[in-house]
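Engineer: Take this structure first; my questions come after.
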Amino acid sequence: MIPQATLDETASARPLRRAVVLDVRTYDEFASGHIPDATFMPLHLVPLRVAELDRSASYVVVCESGARSAQATAYLLQQGYDARSMTGGMAAWRASARAVETGASQSVHA
């Protein structure tokens with residue numbers, strides 16, 4: 001079973017830097033709206049660039065609905081990272097009227 005992070009857990013962990021939000025959607029999806037301060041790494045690049053991630057950090061992985069984030073979370077766990085998949089993905093985040101940033105951020109790993 002893939003460990004899950006709720007929307008509330010994700011929202012409360014971000015400002016306190018207790019977790020890094022790792023967005024594994026496509027560039028266009030990310031640019032059209034993402035969780036503020038999220039790190040972007042498309043799912044297909046996770047196995048190729050996993051070494052760029054901080055092993056001491058905790059990760060909340062997000063995609064649009066939860067399928068891709070579950071795949072990425074499973075891979076990160078296999079590699080020894082502390083990771084959870086955000087329940088409901090960006091669709092649930094937007095539906096809960098939480099803050100969303102648009103455009104590319106400085107933390108883009110594409």
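Ligands are numbered from 1 in the order shown, chains are lettered A, B, ... in the order of the structure tokens, and residues start at 1 in each chain.
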Taking the DSSP assignment computed from this structure's backbone, write out as a ChimeraX atom specification all residues of stretch 7-94 of chain A that belong to helix (DSSP H, G or I).
Structural biologist: /A:7-13,27-32,43-52,67-78,89-94
Engineer: Please produce, as CSV, a per-residue contact table for stretch 52-88 of chain A versus stretch 24-45 of chain A (criterion: any atom at most 7 Å away, only C-alpha atoms considered), showing the nearest atom pair and its distance in Å to one decimal, sorted by chain then residue number.
Structural biologist:
residue,atom,partner,partner_atom,distance
A:Val62,CA,A:Val24,CA,6.2
A:Cys63,CA,A:Arg25,CA,5.2
A:Glu64,CA,A:Arg25,CA,6.9
A:Arg68,CA,A:Leu43,CA,6.8
A:Ser69,CA,A:Val24,CA,6.5
A:Ala72,CA,A:Leu43,CA,6.4
Engineer: Take the residues from that selection and write them out as a PDB file, in the first residue's frame, keeping N, CA, C and O atoms.
Structural biologist:
ATOM      1  N   VAL A  62       2.684  14.722  -5.838  1.00  0.00           N
ATOM      2  CA  VAL A  62       1.368  15.105  -6.347  1.00  0.00           C
ATOM      3  C   VAL A  62       1.341  15.019  -7.869  1.00  0.00           C
ATOM      4  O   VAL A  62       2.335  15.293  -8.542  1.00  0.00           O
ATOM      5  N   CYS A  63       0.179  14.594  -8.374  1.00  0.00           N
ATOM      6  CA  CYS A  63      -0.111  14.638  -9.806  1.00  0.00           C
ATOM      7  C   CYS A  63      -1.513  15.204  -9.936  1.00  0.00           C
ATOM      8  O   CYS A  63      -1.978  15.916  -9.045  1.00  0.00           O
ATOM      9  N   GLU A  64      -2.207  14.919 -11.005  1.00  0.00           N
ATOM     10  CA  GLU A  64      -3.546  15.472 -11.166  1.00  0.00           C
ATOM     11  C   GLU A  64      -4.585  14.735 -10.323  1.00  0.00           C
ATOM     12  O   GLU A  64      -5.399  15.355  -9.666  1.00  0.00           O
ATOM     13  N   ARG A  68      -0.245   8.882 -11.062  1.00  0.00           N
ATOM     14  CA  ARG A  68       1.190   9.085 -11.308  1.00  0.00           C
ATOM     15  C   ARG A  68       1.948   9.314 -10.011  1.00  0.00           C
ATOM     16  O   ARG A  68       3.087   8.857  -9.851  1.00  0.00           O
ATOM     17  N   SER A  69       1.325  10.018  -9.067  1.00  0.00           N
ATOM     18  CA  SER A  69       2.014  10.252  -7.793  1.00  0.00           C
ATOM     19  C   SER A  69       2.197   8.943  -7.035  1.00  0.00           C
ATOM     20  O   SER A  69       3.205   8.745  -6.353  1.00  0.00           O
ATOM     21  N   ALA A  72       5.263   7.303  -8.625  1.00  0.00           N
ATOM     22  CA  ALA A  72       6.491   7.979  -8.208  1.00  0.00           C
ATOM     23  C   ALA A  72       6.797   7.705  -6.744  1.00  0.00           C
ATOM     24  O   ALA A  72       7.956   7.473  -6.375  1.00  0.00           O
TER      25      ALA A  72
END
Engineer: For the strand (DSSP E) assignment from backbone DSSP, which residues of stretch 8-70 of chain A qualify? Please present them as number ranges by chain.
Structural biologist: A: 20-23, 39-40, 58-62
Engineer: What does the file look like for those residues with all heavy atoms, as an mmCIF file, in the first residue's frame?
Structural biologist:
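The resulting file, out-v7.cif, is shown below:
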data_model
loop_
_atom_site.group_PDB
_atom_site.id
_atom_site.type_symbol
_atom_site.label_atom_id
_atom_site.label_comp_id
_atom_site.auth_asym_id
_atom_site.auth_seq_id
_atom_site.Cartn_x
_atom_site.Cartn_y
_atom_site.Cartn_z
ATOM 1 N N VAL A 20 8.683 18.397 1.241
ATOM 2 C CA VAL A 20 8.835 18.981 -0.080
ATOM 3 C C VAL A 20 7.705 18.433 -0.934
ATOM 4 O O VAL A 20 7.497 17.220 -0.980
ATOM 5 C CB VAL A 20 10.198 18.588 -0.697
ATOM 6 C CG1 VAL A 20 10.304 19.073 -2.141
ATOM 7 C CG2 VAL A 20 11.349 19.103 0.149
ATOM 8 N N VAL A 21 6.963 19.318 -1.589
ATOM 9 C CA VAL A 21 5.927 18.877 -2.520
ATOM 10 C C VAL A 21 6.608 18.642 -3.864
ATOM 11 O O VAL A 21 7.218 19.547 -4.426
ATOM 12 C CB VAL A 21 4.800 19.924 -2.647
ATOM 13 C CG1 VAL A 21 3.804 19.499 -3.720
ATOM 14 C CG2 VAL A 21 4.105 20.121 -1.306
ATOM 15 N N LEU A 22 6.522 17.408 -4.346
ATOM 16 C CA LEU A 22 7.132 17.019 -5.614
ATOM 17 C C LEU A 22 6.019 16.775 -6.621
ATOM 18 O O LEU A 22 5.252 15.821 -6.499
ATOM 19 C CB LEU A 22 7.982 15.757 -5.429
ATOM 20 C CG LEU A 22 8.731 15.275 -6.664
ATOM 21 C CD1 LEU A 22 9.791 16.296 -7.092
ATOM 22 C CD2 LEU A 22 9.374 13.927 -6.390
ATOM 23 N N ASP A 23 5.917 17.645 -7.614
ATOM 24 C CA ASP A 23 4.874 17.580 -8.638
ATOM 25 C C ASP A 23 5.410 16.783 -9.821
ATOM 26 O O ASP A 23 6.411 17.170 -10.434
ATOM 27 C CB ASP A 23 4.496 19.003 -9.060
ATOM 28 C CG ASP A 23 3.226 19.066 -9.881
ATOM 29 O OD1 ASP A 23 3.055 18.227 -10.788
ATOM 30 O OD2 ASP A 23 2.417 19.971 -9.627
ATOM 31 N N THR A 39 8.210 21.516 -6.103
ATOM 32 C CA THR A 39 9.328 21.152 -6.968
ATOM 33 C C THR A 39 8.762 20.329 -8.111
ATOM 34 O O THR A 39 7.954 19.426 -7.888
ATOM 35 C CB THR A 39 10.368 20.331 -6.182
ATOM 36 O OG1 THR A 39 10.907 21.158 -5.154
ATOM 37 C CG2 THR A 39 11.485 19.843 -7.076
ATOM 38 N N PHE A 40 9.172 20.635 -9.312
ATOM 39 C CA PHE A 40 8.648 19.966 -10.500
ATOM 40 C C PHE A 40 9.656 18.949 -11.023
ATOM 41 O O PHE A 40 10.826 19.284 -11.249
ATOM 42 C CB PHE A 40 8.343 21.010 -11.574
ATOM 43 C CG PHE A 40 7.999 20.431 -12.915
ATOM 44 C CD1 PHE A 40 6.868 19.657 -13.076
ATOM 45 C CD2 PHE A 40 8.796 20.668 -14.009
ATOM 46 C CE1 PHE A 40 6.539 19.119 -14.309
ATOM 47 C CE2 PHE A 40 8.476 20.147 -15.252
ATOM 48 C CZ PHE A 40 7.350 19.367 -15.403
ATOM 49 N N SER A 58 11.533 14.844 3.472
ATOM 50 C CA SER A 58 10.295 14.087 3.302
ATOM 51 C C SER A 58 9.584 14.654 2.081
ATOM 52 O O SER A 58 9.577 15.872 1.887
ATOM 53 C CB SER A 58 9.396 14.236 4.528
ATOM 54 O OG SER A 58 9.989 13.653 5.647
ATOM 55 N N TYR A 59 8.971 13.794 1.289
ATOM 56 C CA TYR A 59 8.322 14.228 0.063
ATOM 57 C C TYR A 59 6.836 13.895 0.079
ATOM 58 O O TYR A 59 6.441 12.807 0.490
ATOM 59 C CB TYR A 59 8.967 13.558 -1.160
ATOM 60 C CG TYR A 59 10.360 14.073 -1.390
ATOM 61 C CD1 TYR A 59 11.455 13.462 -0.793
ATOM 62 C CD2 TYR A 59 10.583 15.214 -2.148
ATOM 63 C CE1 TYR A 59 12.734 13.963 -0.963
ATOM 64 C CE2 TYR A 59 11.859 15.720 -2.328
ATOM 65 C CZ TYR A 59 12.929 15.086 -1.731
ATOM 66 O OH TYR A 59 14.193 15.597 -1.890
ATOM 67 N N VAL A 60 6.036 14.855 -0.367
ATOM 68 C CA VAL A 60 4.635 14.620 -0.687
ATOM 69 C C VAL A 60 4.557 14.744 -2.199
ATOM 70 O O VAL A 60 4.850 15.801 -2.763
ATOM 71 C CB VAL A 60 3.692 15.637 -0.003
ATOM 72 C CG1 VAL A 60 2.264 15.426 -0.478
ATOM 73 C CG2 VAL A 60 3.783 15.521 1.514
ATOM 74 N N VAL A 61 4.206 13.660 -2.854
ATOM 75 C CA VAL A 61 4.203 13.599 -4.319
ATOM 76 C C VAL A 61 2.788 13.858 -4.817
ATOM 77 O O VAL A 61 1.823 13.300 -4.290
ATOM 78 C CB VAL A 61 4.722 12.228 -4.807
ATOM 79 C CG1 VAL A 61 4.850 12.218 -6.324
ATOM 80 C CG2 VAL A 61 6.070 11.902 -4.156
ATOM 81 N N VAL A 62 2.684 14.722 -5.838
ATOM 82 C CA VAL A 62 1.368 15.105 -6.347
ATOM 83 C C VAL A 62 1.341 15.019 -7.869
ATOM 84 O O VAL A 62 2.335 15.293 -8.542
ATOM 85 C CB VAL A 62 0.989 16.533 -5.864
ATOM 86 C CG1 VAL A 62 1.939 17.580 -6.406
ATOM 87 C CG2 VAL A 62 -0.437 16.885 -6.215
#
Engineer: Find the distance between atom CA of A:Ala5 and atom CA of A:Thr73 and write it in Å to one decimal.
Structural biologist: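 These atoms are spaced 11.1 Å apart.
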Engineer: Could you state the separation of atom CA of A:Leu48 and atom CA of A:Ala104 in Å, given to one decimal place?
Structural biologist: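 Computing the Euclidean distance for atom CA of A:Leu48 and atom CA of A:Ala104 yields 20.7 Å.
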Engineer: In Å, with one decimal, what is the gap from atom CA of A:Arg18 to atom CA of A:Asp82?
Structural biologist: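 For atom CA of A:Arg18 relative to atom CA of A:Asp82, the distance reads 11.4 Å.
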Engineer: Considering only C-alpha atoms, return as number ranges by chain whatever protein or nucleic-acid residues lie within 12 Å of A:Met1, sequence-local ones (same chain, fewer than 6 positions apart) excluded.
Structural biologist: A: 70-71, 73-74, 77, 84-85
Engineer: Choose the residue, out of A:Gly103, A:Gly66, A:Pro3, A:Pro47, that has the smallest atom-to-atom separation from A:Ala83; count only C-alpha atoms.
Structural biologist: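 Among A:Gly103, A:Gly66, A:Pro3, A:Pro47, it is A:Pro3 that comes nearest to A:Ala83.
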